[in-house]
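Each remark here refers to the structure printed beneath this line.
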Amino acid sequence: DAGVTQSPTHLIKTRGQQVTLRCSPKSGHDTVSWYQQALGQGPQFIFQYYEEEERQRGNFPDRFSGHQFPNYSSELNVNALLLGDSALYLCASRLLGDGYYEQYFGPGTRLTVT
Amino acid sequence: GIQVEQSPPDLILQEGANSTLRCNFSDSVNNLQWFHQNPWGQLINLFYIPSGTKQNGRLSATTVATERYSLLYISSSQTTDSGVYFCAVGSANAGGTSYGKLTFGQGTILTVHP
């Protein structure tokens, strides 16, 4: 049973650049959420995707955008990178509609903006 | 939005000691999860416990939904228990659908000395 996978593991970008992070949900799951975790903080919700549409969004600017593909995998895109975007980015998945809300997280992508 | 508070923020134990971590939340929830974050950033699922009591080896958890708190018990602690423990909660949106937004507490940093 494949768990949530994310790529790449680490990434270093320069301020102003754009970055794309990728996530494949746990086998059988159809809903993907993205979180940003700054150093020493709890993860903060960015947005979630179901049926290839953004369904709910946290308090993040439009520089953060995403996509979900027909196979349920997802991408997180961040434009015009700022130093403050340096963080661990986590992807989580679940199966919608089964009345069971447990989510599973991937290992994360650590983004460093210089 | 829903607020989540964890206590204590830091906990230092000798190996073999018992401990209790607390999570208070401000509204009704349909999801409550306890996670252990390892040094590489992976969030490991400990319990999915929106209500009731569960046990898994040396760990157990209790959620009293009507009083809006959850407790995580660690017995006979080991050095491998060290790390950050997060409580995260989820609730349905105004339309009654829960796509999966989790709100995390700030975490409890547990250090177990040999």
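Naming works like this for the structure tokens: A, B, ... for the chains as they're shown, residue 1 at the start of each chain, ligands 1 onward in shown order.
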Select all residues from chain A having any atom no more than 7 Å from an atom of chain B (counting only C-alpha atoms, ignoring ligands), output as a PDB file with N, CA, C and O atoms, in the first residue's frame.
```pdb
ATOM      1  N   GLN A  41       7.232  26.081  14.062  1.00  0.00           N
ATOM      2  CA  GLN A  41       5.785  26.301  14.047  1.00  0.00           C
ATOM      3  C   GLN A  41       5.045  25.022  13.659  1.00  0.00           C
ATOM      4  O   GLN A  41       5.631  24.078  13.130  1.00  0.00           O
ATOM      5  N   GLY A  42       3.738  25.034  13.919  1.00  0.00           N
ATOM      6  CA  GLY A  42       2.902  23.960  13.411  1.00  0.00           C
ATOM      7  C   GLY A  42       2.580  24.196  11.944  1.00  0.00           C
ATOM      8  O   GLY A  42       2.651  25.326  11.459  1.00  0.00           O
ATOM      9  N   PRO A  43       2.248  23.155  11.208  1.00  0.00           N
ATOM     10  CA  PRO A  43       1.881  23.325   9.790  1.00  0.00           C
ATOM     11  C   PRO A  43       0.676  24.252   9.631  1.00  0.00           C
ATOM     12  O   PRO A  43      -0.255  24.216  10.437  1.00  0.00           O
ATOM     13  N   PHE A  45      -2.326  25.484   6.903  1.00  0.00           N
ATOM     14  CA  PHE A  45      -3.081  25.020   5.737  1.00  0.00           C
ATOM     15  C   PHE A  45      -2.966  26.026   4.600  1.00  0.00           C
ATOM     16  O   PHE A  45      -3.217  27.221   4.786  1.00  0.00           O
ATOM     17  N   LEU A  96     -12.395  11.262   0.377  1.00  0.00           N
ATOM     18  CA  LEU A  96     -13.568  12.058   0.705  1.00  0.00           C
ATOM     19  C   LEU A  96     -14.814  11.200   0.685  1.00  0.00           C
ATOM     20  O   LEU A  96     -14.947  10.302  -0.133  1.00  0.00           O
ATOM     21  N   TYR A 101     -12.265  10.721   8.530  1.00  0.00           N
ATOM     22  CA  TYR A 101     -11.556  11.932   8.137  1.00  0.00           C
ATOM     23  C   TYR A 101     -10.048  11.897   8.339  1.00  0.00           C
ATOM     24  O   TYR A 101      -9.386  12.903   8.165  1.00  0.00           O
ATOM     25  N   GLU A 102      -9.500  10.744   8.675  1.00  0.00           N
ATOM     26  CA  GLU A 102      -8.074  10.673   8.949  1.00  0.00           C
ATOM     27  C   GLU A 102      -7.262  11.026   7.720  1.00  0.00           C
ATOM     28  O   GLU A 102      -7.554  10.580   6.613  1.00  0.00           O
ATOM     29  N   PHE A 105       0.191  12.129   5.836  1.00  0.00           N
ATOM     30  CA  PHE A 105       1.122  13.120   5.308  1.00  0.00           C
ATOM     31  C   PHE A 105       2.309  12.475   4.609  1.00  0.00           C
ATOM     32  O   PHE A 105       2.761  11.378   4.987  1.00  0.00           O
ATOM     33  N   GLY A 106       2.811  13.196   3.612  1.00  0.00           N
ATOM     34  CA  GLY A 106       4.039  12.805   2.964  1.00  0.00           C
ATOM     35  C   GLY A 106       5.245  13.278   3.746  1.00  0.00           C
ATOM     36  O   GLY A 106       5.105  13.964   4.757  1.00  0.00           O
ATOM     37  N   PRO A 107       6.451  12.928   3.268  1.00  0.00           N
ATOM     38  CA  PRO A 107       7.681  13.279   3.984  1.00  0.00           C
ATOM     39  C   PRO A 107       8.067  14.744   3.864  1.00  0.00           C
ATOM     40  O   PRO A 107       8.925  15.208   4.601  1.00  0.00           O
ATOM     41  N   GLY A 108       7.436  15.469   2.948  1.00  0.00           N
ATOM     42  CA  GLY A 108       7.690  16.899   2.825  1.00  0.00           C
ATOM     43  C   GLY A 108       8.780  17.257   1.831  1.00  0.00           C
ATOM     44  O   GLY A 108       9.614  16.431   1.450  1.00  0.00           O
TER      45      GLY A 108
END
```
Skip Thr79 in chain B itself and residues of its chain fewer than 6 positions away, then list as an MDAnalysis selection string all residues within 7 Å of it, counting only C-alpha atoms. chainID B and resid 15 112:114
For Ile12 in chain B, find every residue with an atom within 12 Å (counting only C-alpha atoms), except residues of its own chain fewer than 4 positions away, and show them as JSON, numbers by chain. {"B": [8, 16, 17, 18, 19, 20, 77, 78, 79, 81, 82, 83, 84, 108, 109, 110, 111, 112, 113, 114]}
Return the single residue from A:Val19, A:Ala38, A:Ile46, A:Ile12 that is closest to Cys91 in chain A, with distances computed using only C-alpha atoms.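 Looking only at the distances to Cys91 in chain A, the closest residue turns out to be A:Ile46.
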Fewer than 5 positions away in the same chain doesn't count, so skip those; otherwise give me all residues within 12 Å of Thr66 in chain B, counting only C-alpha atoms, as a PyMOL selection string. chain B and resi 24-29+50-52
Using the chain letters and numbers from this document, which residues of chain B does DSSP assign to strand (DSSP E or B), as an NGL selection string? :B and (4-7 or 10-14 or 19-25 or 31-37 or 43-48 or 52-56 or 59-64 or 69-74 or 83-90 or 103-104 or 108-113)
Filtering to C-alpha atoms, could you give me those residues as a PDB file, in the first residue's frame?
```pdb
ATOM      1  CA  VAL B   4      -5.995  24.813  19.007  1.00  0.00           C
ATOM      2  CA  GLU B   5      -3.810  25.084  22.088  1.00  0.00           C
ATOM      3  CA  GLN B   6      -1.314  22.488  23.216  1.00  0.00           C
ATOM      4  CA  SER B   7       0.376  22.178  26.566  1.00  0.00           C
ATOM      5  CA  ASP B  10       8.218  21.698  26.298  1.00  0.00           C
ATOM      6  CA  LEU B  11       8.602  18.525  28.331  1.00  0.00           C
ATOM      7  CA  ILE B  12      11.818  16.910  29.559  1.00  0.00           C
ATOM      8  CA  LEU B  13      11.701  13.382  30.987  1.00  0.00           C
ATOM      9  CA  GLN B  14      13.964  10.616  32.145  1.00  0.00           C
ATOM     10  CA  SER B  19       3.697  11.919  30.582  1.00  0.00           C
ATOM     11  CA  THR B  20       0.436  13.558  29.545  1.00  0.00           C
ATOM     12  CA  LEU B  21       0.094  16.028  26.663  1.00  0.00           C
ATOM     13  CA  ARG B  22      -3.037  18.145  26.356  1.00  0.00           C
ATOM     14  CA  CYS B  23      -4.860  19.660  23.391  1.00  0.00           C
ATOM     15  CA  ASN B  24      -7.697  22.183  23.817  1.00  0.00           C
ATOM     16  CA  PHE B  25      -9.840  23.268  20.876  1.00  0.00           C
ATOM     17  CA  ASN B  31     -11.501  15.085  13.074  1.00  0.00           C
ATOM     18  CA  LEU B  32      -8.803  15.090  15.723  1.00  0.00           C
ATOM     19  CA  GLN B  33      -5.425  13.564  15.072  1.00  0.00           C
ATOM     20  CA  TRP B  34      -2.239  13.228  17.101  1.00  0.00           C
ATOM     21  CA  PHE B  35       1.045  13.206  15.204  1.00  0.00           C
ATOM     22  CA  HIS B  36       4.683  12.665  16.084  1.00  0.00           C
ATOM     23  CA  GLN B  37       7.066  14.633  13.880  1.00  0.00           C
ATOM     24  CA  LEU B  43       4.422  13.548  10.447  1.00  0.00           C
ATOM     25  CA  ILE B  44       3.647  10.091  11.777  1.00  0.00           C
ATOM     26  CA  ASN B  45       0.020   9.274  12.548  1.00  0.00           C
ATOM     27  CA  LEU B  46      -0.426   8.252  16.180  1.00  0.00           C
ATOM     28  CA  PHE B  47      -4.184   8.429  16.659  1.00  0.00           C
ATOM     29  CA  TYR B  48      -7.319   9.420  14.781  1.00  0.00           C
ATOM     30  CA  GLY B  52     -13.469   8.294  22.829  1.00  0.00           C
ATOM     31  CA  THR B  53     -10.363   6.454  23.941  1.00  0.00           C
ATOM     32  CA  LYS B  54      -7.778   4.440  22.027  1.00  0.00           C
ATOM     33  CA  GLN B  55      -4.597   2.630  22.963  1.00  0.00           C
ATOM     34  CA  ASN B  56      -1.613   1.537  20.918  1.00  0.00           C
ATOM     35  CA  LEU B  59       0.569   5.271  23.886  1.00  0.00           C
ATOM     36  CA  SER B  60      -3.058   6.028  24.530  1.00  0.00           C
ATOM     37  CA  ALA B  61      -5.349   8.969  23.789  1.00  0.00           C
ATOM     38  CA  THR B  62      -8.669  10.263  25.029  1.00  0.00           C
ATOM     39  CA  THR B  63     -10.876  12.930  23.464  1.00  0.00           C
ATOM     40  CA  VAL B  64     -13.777  14.469  25.370  1.00  0.00           C
ATOM     41  CA  TYR B  69     -10.042  18.650  24.816  1.00  0.00           C
ATOM     42  CA  SER B  70      -7.884  15.659  24.065  1.00  0.00           C
ATOM     43  CA  LEU B  71      -5.095  13.994  26.029  1.00  0.00           C
ATOM     44  CA  LEU B  72      -2.170  11.926  24.792  1.00  0.00           C
ATOM     45  CA  TYR B  73      -0.574   9.602  27.347  1.00  0.00           C
ATOM     46  CA  ILE B  74       2.924   8.216  26.936  1.00  0.00           C
ATOM     47  CA  GLY B  83      10.413  14.803  19.049  1.00  0.00           C
ATOM     48  CA  VAL B  84       7.510  17.149  18.483  1.00  0.00           C
ATOM     49  CA  TYR B  85       3.942  16.042  19.113  1.00  0.00           C
ATOM     50  CA  PHE B  86       1.151  17.832  17.280  1.00  0.00           C
ATOM     51  CA  CYS B  87      -2.568  17.837  17.779  1.00  0.00           C
ATOM     52  CA  ALA B  88      -4.602  18.787  14.703  1.00  0.00           C
ATOM     53  CA  VAL B  89      -8.346  19.237  14.345  1.00  0.00           C
ATOM     54  CA  GLY B  90     -10.760  19.494  11.450  1.00  0.00           C
ATOM     55  CA  THR B 103      -5.727  23.271  12.115  1.00  0.00           C
ATOM     56  CA  PHE B 104      -2.606  22.420  14.095  1.00  0.00           C
ATOM     57  CA  THR B 108       4.840  19.925  22.430  1.00  0.00           C
ATOM     58  CA  ILE B 109       8.588  19.324  22.227  1.00  0.00           C
ATOM     59  CA  LEU B 110       9.362  16.127  24.147  1.00  0.00           C
ATOM     60  CA  THR B 111      12.917  15.267  25.156  1.00  0.00           C
ATOM     61  CA  VAL B 112      13.589  11.914  26.811  1.00  0.00           C
ATOM     62  CA  HIS B 113      17.003  11.483  28.422  1.00  0.00           C
TER      63      HIS B 113
END
```
Record the distance separating CA of Leu88 in chain A and CA of Lys13 in chain A, expressed in Å with one decimal.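 That distance, rounded to one decimal, is 13.6 Å.
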Please measure the separation of CA of Gly99 in chain A and CA of Gly28 in chain A, giving the value in Å to one decimal.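 Going from CA of Gly99 in chain A over to CA of Gly28 in chain A covers 14.7 Å.
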Nearest to Pro61 in chain A: which of A:Gln18, A:Ser93, A:Asn79, A:Gln44 is it, counting only C-alpha atoms?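 Residue with the minimum atom-to-atom distance to Pro61 in chain A: A:Asn79.
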Residue nearest Thr14 in chain A among A:Leu81, A:Tyr100, A:Glu53, A:Ser86 (counting only C-alpha atoms):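 For Thr14 in chain A, the nearest of the given residues is A:Leu81.
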Which residues are near Ser24 in chain A? Cut-off 12 Å, only C-alpha atoms, ignore same chain within fewer than 6 positions. Put them as a PDB file with C-alpha atoms, in the first residue's frame.
```
ATOM      1  CA  ALA A   2       1.829   3.095  -1.251  1.00  0.00           C
ATOM      2  CA  GLY A   3       1.849   6.032   1.123  1.00  0.00           C
ATOM      3  CA  VAL A   4       1.927   9.716   0.260  1.00  0.00           C
ATOM      4  CA  THR A   5       4.999  10.640  -1.757  1.00  0.00           C
ATOM      5  CA  GLN A   6       6.487  14.058  -2.465  1.00  0.00           C
ATOM      6  CA  SER A   7       9.216  15.364  -4.715  1.00  0.00           C
ATOM      7  CA  PRO A   8      11.748  16.770  -4.597  1.00  0.00           C
ATOM      8  CA  ASP A  30      -8.821  11.343  -3.835  1.00  0.00           C
ATOM      9  CA  THR A  31      -8.339  14.555  -1.824  1.00  0.00           C
ATOM     10  CA  VAL A  32      -5.022  16.365  -1.476  1.00  0.00           C
ATOM     11  CA  SER A  33      -4.149  19.209   0.894  1.00  0.00           C
ATOM     12  CA  TRP A  34      -0.984  21.300   1.122  1.00  0.00           C
ATOM     13  CA  HIS A  67      -3.388  21.830  -9.574  1.00  0.00           C
ATOM     14  CA  GLN A  68      -4.807  18.346  -9.245  1.00  0.00           C
ATOM     15  CA  PHE A  69      -4.567  15.839 -12.068  1.00  0.00           C
ATOM     16  CA  PRO A  70      -7.056  13.106 -13.081  1.00  0.00           C
ATOM     17  CA  ASN A  71      -4.906  10.519 -11.276  1.00  0.00           C
ATOM     18  CA  TYR A  72      -5.365  12.595  -8.055  1.00  0.00           C
ATOM     19  CA  SER A  73      -1.739  13.704  -7.868  1.00  0.00           C
ATOM     20  CA  SER A  74      -1.160  17.379  -7.213  1.00  0.00           C
ATOM     21  CA  GLU A  75       1.275  20.230  -7.719  1.00  0.00           C
ATOM     22  CA  LEU A  76       1.937  23.297  -5.614  1.00  0.00           C
ATOM     23  CA  LEU A  90       3.778  19.023   3.414  1.00  0.00           C
ATOM     24  CA  CYS A  91       1.167  17.236   1.370  1.00  0.00           C
ATOM     25  CA  ALA A  92      -1.666  15.241   2.925  1.00  0.00           C
ATOM     26  CA  SER A  93      -4.331  12.993   1.441  1.00  0.00           C
ATOM     27  CA  ARG A  94      -7.602  11.346   2.420  1.00  0.00           C
ATOM     28  CA  TYR A 104      -1.909  10.955   5.970  1.00  0.00           C
ATOM     29  CA  PHE A 105       1.122  13.120   5.308  1.00  0.00           C
ATOM     30  CA  GLY A 106       4.039  12.805   2.964  1.00  0.00           C
ATOM     31  CA  PRO A 107       7.681  13.279   3.984  1.00  0.00           C
ATOM     32  CA  GLY A 108       7.690  16.899   2.825  1.00  0.00           C
TER      33      GLY A 108
END
```
